[in-house]
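One structure is given here, and the rest of the page talks about it.
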Amino acid sequence: MIPNLHTLTDSPVARTNLIRLEEAPQATIRRLLAPVSNVYAIDFAVQRFPKKHKENSRDHYVRIHREVKNRLRQLLGLDAREDVKYELHRLGNGQHVYFYLAPAGVTNTQAHLSLPTRIEQLCQQLMAEEHSLNRLIQGLFSLHLKMVLLEQASERFSISPAYFNATMYLNARLSKPVSEKSGAGVMEAFELDVFASDHSELAFILHKRKFLVEPADELYLALDDDRVWFNTDSGRVSARRKLDARDSSLDFFRERSSYGECQAYTYNVVMNTVLDRLSELEIPHTPLPFQATHVVNQFLTDLDQTLANTVLVVNNGVNFSAAQQAYFFEELSRQLPGYQLWSLESLEQAARTHCSGLPTNTSILVLNPVEDDASNSIRQLNDSSAEYSDFFDAFDAHRKQPDLRWDIYTQLKLDRLQGWLNHNPLPVALQGMNIDRKMLDALDFIQEQKTTNSEQYDADLAKPRSRLKSAVTLVNSKIRRTKTELWFKESLLSLRYLPMPNLTTGHYTAFSVRKKKNGTCLLGHVELKVKKSMLTVTENGVTEGDLDWLAVEHPALARLDKLFNNGFYLYDHATDALLTSYNSIRVSRLIGPAQFNVVDLYAYQEQEKALAEQGGGDFTGYTITRSAKAESNVLPYLISPGRSIHDSLTKSHKMKHHHTYLQPHDHGLYVLISKAQPTNQSMAKTNLVENLLIWNEQGEPRDVFSHPLTGVYLNSFTLDMLKSGDSSKSSIFAKLARLMVEN
């Protein structure tokens with residue numbers, strides 16, 4: 001039922017971050033309570049925290065954490081200044097359980113009840129109330145991992161009881177050393193998160209964290225999100241403040257001797273530790289690998305068409321120098337021929353009339369400045385110090401205070417979304433381009449090289465890894481991605497059709513969900529018909545409300561129990577089937593090979609390298625490389641082999657390494673899309689595996705692998721839509737639906 005499907009034989013087995021627990025939850029919990037340390041003891045308490053009259057959710061949780069911390073300080077004999085960390089989980093009916101580590105012999109055990117007896121009573125209570133026991137497993141295993149990490153740290157640093165419940169950061173390193181001039185540096189690390197599912201799975205996730213740090217003479221404890229200390233071989237440092245970790249130098253993968261600093265290596269170290277502790281506790285378990293059984297190599301290509309709309313370009317306060325402006329607008333003119341430069345005053349006037357005076361075949365491109373320490377271009381004009389994490393954060397603030405004034409692009413986006421909700425959409429396509437310090441520096445460097453080094457300019461530009469090549473690529477790619485977004489939007493909103501070669505004829509509705517902080521949902525929906533290689537938009541809009549309300553407007557959603565933030569759903573009108581594609585903690589992440597221990601391999605490589613250097617020689621026997629050979633590939637599928645020279649897509653110099661790998665399993669179909677081009681020396685992030693599910697009209701799961709809707713979805717993926725030479729990780733259906741609510 002899936003077009004262009006090919007069966008794989010002897011495909012590699014990839015290690016993931018998932019483990020299946022083979023025993024019943026109660027048996028696992030009993031084993032997790034077995035004492036394994038003479039230094040630490042696991043303990044827990046259950047407490048009811050009912051909401052007070054007129055107490056909002058935020059104040060309620062602040063009070064819960066305050067009371068739990070006070071209780072733990074009393075139990076552990078800590079000073080009131082000392083913060084504590086713990087595993088807190090809501091059980092229902094206002095009850096919460098919190099797990100923590102205590103010094104051996106200092107526990108909360110009642111005189112007549114042992115710890116196993118108390119946990120047994122809690123299990124019986126939860127099962128009687130039809131709650132799962134996975135939260136208990138999650139909390140207990142988190143503490144076991146913390147014990148292991150504390151034991152490892154204590155071999156190098158003294159660990160006082162005050163740190164038993166501190167947050168542990170892994171593989172921490174100074175990406176910018178503490179300088180004498182500023183007195184500060186940048187520390188980056190991974191924070192470990194544990195998850196236990198209702199399907200007896202354990203998952204482990206690493207989150208990137210980044211801190212501005214300074215030397216700390218005294219290591220006293222007041223740990224919270226803004227007060228973090230790191231013990232290092234060269235001394236102690238404290239965090240001055242948390243930084244945005246999205247622009248992190250902690251890559252997912254680095255080859256050769258840099259491998260020990262990357263996220264994939266840290267994942268493997270964690271998984272080795274997890275497996276060792278499970279074996280020590282005699283908990284039956286099975287690692288869950290990824291092994292593709294099929295591959296689909298059909299993708300939509302060459303969809304980036306010439307823009308049909310008139311493009312009006314507006315500078316919303318970017319302070320270009322004359323040199324920066326000259327190169328930027330020269331490149332803009334090359335990629336967007338015929339654009340018109342429009343004044344900010346004209347845009348502000350159009351905004352006051354909801355762009356009613358502009359023809360529908362108009363697109364507006366707004367150039368927005370981004371401050372050096374900001375993560376976006378959102379500016380609230382009433383309070384210049386106000387910060388917003390994203391557009392939906394600003395949208396919530398706008399709802400609460402409609403009189404707030406915003407920069408013109410943010411205001412237009414607010415008007416656009418509100419217009420959709422009021423069935424009065426903005427008649428033009430709107431697109432922004434953020435101009436940050438990185439972009440301006442690239443423009444400066446390009447112009448400097450053109451002016452001062454003109455003879456060498458072309459030679460440097462031809463070098464694939466030159467600084468000039470990187471600067472030119474940054475500018476060109478940003479404009480190219482913006483052009484692609486404009487093409488998508490004019491196709492969706494103005495032309496209302498897209499050419500879709502080789503896509504199966506049918507009638508579909510794509511949904512995209514964004515959940516707001518108050519719990520209600522924004523649902524973007526696009527109804528589409530595919531016929532004769534053309535995808536036509538028949539209806540689109542945005543609806544707000546909870547699932548019950550949205551299911552009235554869109555009955556296909558009534559078969560769902562819950563809508564998830566960033567969720568995507570595709571409804572097939574012909575078969576009355578609903579497909580969803582999602583990535584969550586329960587969906588596997590590929591972290592290394594299953595056939596050999598990459599941690600041991602790296603240690604051996606480093607040992608051999610040190611011996612070679614001691615002897616005065618050069619080391620060339622690196623084992624952690626980008627090799628795609630099955631016997632030495634450290635990232636199966638992520639570093640994937642090239643296509644046959646007889647493949648038509650190879651002949652056209654497109655998608656030489658691009659594959660969609662499939663693995664059917666008991667709860668859906670795993671889908672992994674590899675890179676379109678050979679991987680670089682480092683990879684910023686893993687290619688996430690997604691899971692596909694399909695429900696029939698009764699809300700019952702269907703066999704995903706054999707359903708025709710799966711084939712339609714898998715053949716709707718694209719290449720080169722937003723990133724040159726890369727593969728889009730969403731289908732054309734998902735892209736169109738998300739445009740309704742996200743941009």
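Each chain in the structure tokens gets a letter, A, B, ..., in the order shown, and its residues are numbered from 1; ligands are numbered from 1 in order too.
Here the residues within stretch 354-392 of chain A that DSSP labels strand (DSSP E) on the basis of the backbone are Thr362, Ser363, Ile364, Leu365, Val366, Leu367, Asn368 and Pro369 of chain A.
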Practice task
Apply DSSP to the structure's backbone, then extract all residues of stretch 411-562 of chain A labelled alpha helix (DSSP H) and return them as an MDAnalysis selection string.
Solution key: chainID A and resid 411:421 437:452 454:462 467:490 547:553
Output file for the residues above (C-alpha atoms, as an mmCIF file, in the first residue's frame):
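Result file follows (out-v1.cif):
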```
data_model
loop_
_atom_site.group_PDB
_atom_site.id
_atom_site.type_symbol
_atom_site.label_atom_id
_atom_site.label_comp_id
_atom_site.auth_asym_id
_atom_site.auth_seq_id
_atom_site.Cartn_x
_atom_site.Cartn_y
_atom_site.Cartn_z
ATOM 1 C CA GLN A 411 1.597 43.725 15.431
ATOM 2 C CA LEU A 412 0.892 42.471 11.909
ATOM 3 C CA LYS A 413 1.316 38.865 13.040
ATOM 4 C CA LEU A 414 -1.067 39.481 15.943
ATOM 5 C CA ASP A 415 -3.573 41.038 13.523
ATOM 6 C CA ARG A 416 -3.111 38.130 11.130
ATOM 7 C CA LEU A 417 -3.881 35.468 13.754
ATOM 8 C CA GLN A 418 -6.778 37.428 15.212
ATOM 9 C CA GLY A 419 -8.073 37.926 11.685
ATOM 10 C CA TRP A 420 -8.135 34.173 11.097
ATOM 11 C CA LEU A 421 -10.008 33.639 14.362
ATOM 12 C CA ARG A 437 24.634 40.283 14.677
ATOM 13 C CA LYS A 438 25.813 37.099 12.991
ATOM 14 C CA MET A 439 24.260 38.179 9.702
ATOM 15 C CA LEU A 440 25.683 41.713 9.937
ATOM 16 C CA ASP A 441 29.156 40.366 10.753
ATOM 17 C CA ALA A 442 28.962 38.093 7.705
ATOM 18 C CA LEU A 443 28.042 41.068 5.508
ATOM 19 C CA ASP A 444 30.942 43.079 6.954
ATOM 20 C CA PHE A 445 33.429 40.289 6.284
ATOM 21 C CA ILE A 446 32.234 39.780 2.687
ATOM 22 C CA GLN A 447 32.582 43.478 1.904
ATOM 23 C CA GLU A 448 35.965 43.664 3.639
ATOM 24 C CA GLN A 449 37.286 40.775 1.536
ATOM 25 C CA LYS A 450 35.904 42.295 -1.652
ATOM 26 C CA THR A 451 37.548 45.634 -0.915
ATOM 27 C CA THR A 452 40.898 44.692 0.624
ATOM 28 C CA SER A 454 39.809 41.344 -4.255
ATOM 29 C CA GLU A 455 42.456 39.229 -6.017
ATOM 30 C CA GLN A 456 42.070 36.409 -3.504
ATOM 31 C CA TYR A 457 38.269 36.755 -3.214
ATOM 32 C CA ASP A 458 37.282 34.223 -5.901
ATOM 33 C CA ALA A 459 39.898 31.706 -4.741
ATOM 34 C CA ASP A 460 38.695 31.880 -1.124
ATOM 35 C CA LEU A 461 35.084 31.622 -2.238
ATOM 36 C CA ALA A 462 35.871 28.363 -4.032
ATOM 37 C CA ARG A 467 35.411 31.757 6.306
ATOM 38 C CA LEU A 468 34.370 33.702 3.212
ATOM 39 C CA LYS A 469 32.452 30.717 1.831
ATOM 40 C CA SER A 470 30.636 30.337 5.174
ATOM 41 C CA ALA A 471 29.708 34.027 5.272
ATOM 42 C CA VAL A 472 28.377 34.043 1.699
ATOM 43 C CA THR A 473 26.457 30.803 2.304
ATOM 44 C CA LEU A 474 24.870 32.226 5.468
ATOM 45 C CA VAL A 475 23.501 35.269 3.606
ATOM 46 C CA ASN A 476 22.437 33.370 0.489
ATOM 47 C CA SER A 477 20.757 30.562 2.438
ATOM 48 C CA LYS A 478 18.783 32.939 4.624
ATOM 49 C CA ILE A 479 17.382 34.770 1.607
ATOM 50 C CA ARG A 480 16.704 31.475 -0.195
ATOM 51 C CA ARG A 481 14.790 30.101 2.812
ATOM 52 C CA THR A 482 12.798 33.314 2.996
ATOM 53 C CA LYS A 483 11.941 33.035 -0.686
ATOM 54 C CA THR A 484 10.746 29.457 -0.150
ATOM 55 C CA GLU A 485 8.523 30.548 2.750
ATOM 56 C CA LEU A 486 7.056 33.306 0.572
ATOM 57 C CA TRP A 487 6.362 30.794 -2.188
ATOM 58 C CA PHE A 488 4.603 28.488 0.271
ATOM 59 C CA LYS A 489 2.481 31.329 1.598
ATOM 60 C CA GLU A 490 1.443 32.745 -1.759
ATOM 61 C CA LEU A 547 -10.970 19.363 22.024
ATOM 62 C CA ASP A 548 -14.731 19.061 22.595
ATOM 63 C CA TRP A 549 -15.365 22.333 20.787
ATOM 64 C CA LEU A 550 -12.904 21.611 17.976
ATOM 65 C CA ALA A 551 -14.469 18.168 17.446
ATOM 66 C CA VAL A 552 -17.796 19.871 16.724
ATOM 67 C CA GLU A 553 -16.177 22.006 14.026
#
```
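The interatomic distance for the pair atom CA of A:Leu736 and atom CA of A:Ala577 works out to 19.4 Å.
Among A:His659, A:His667, A:Lys210, A:Lys532, the residue with the shortest atom-to-atom distance to A:Leu5, counting only C-alpha atoms, is A:His659.
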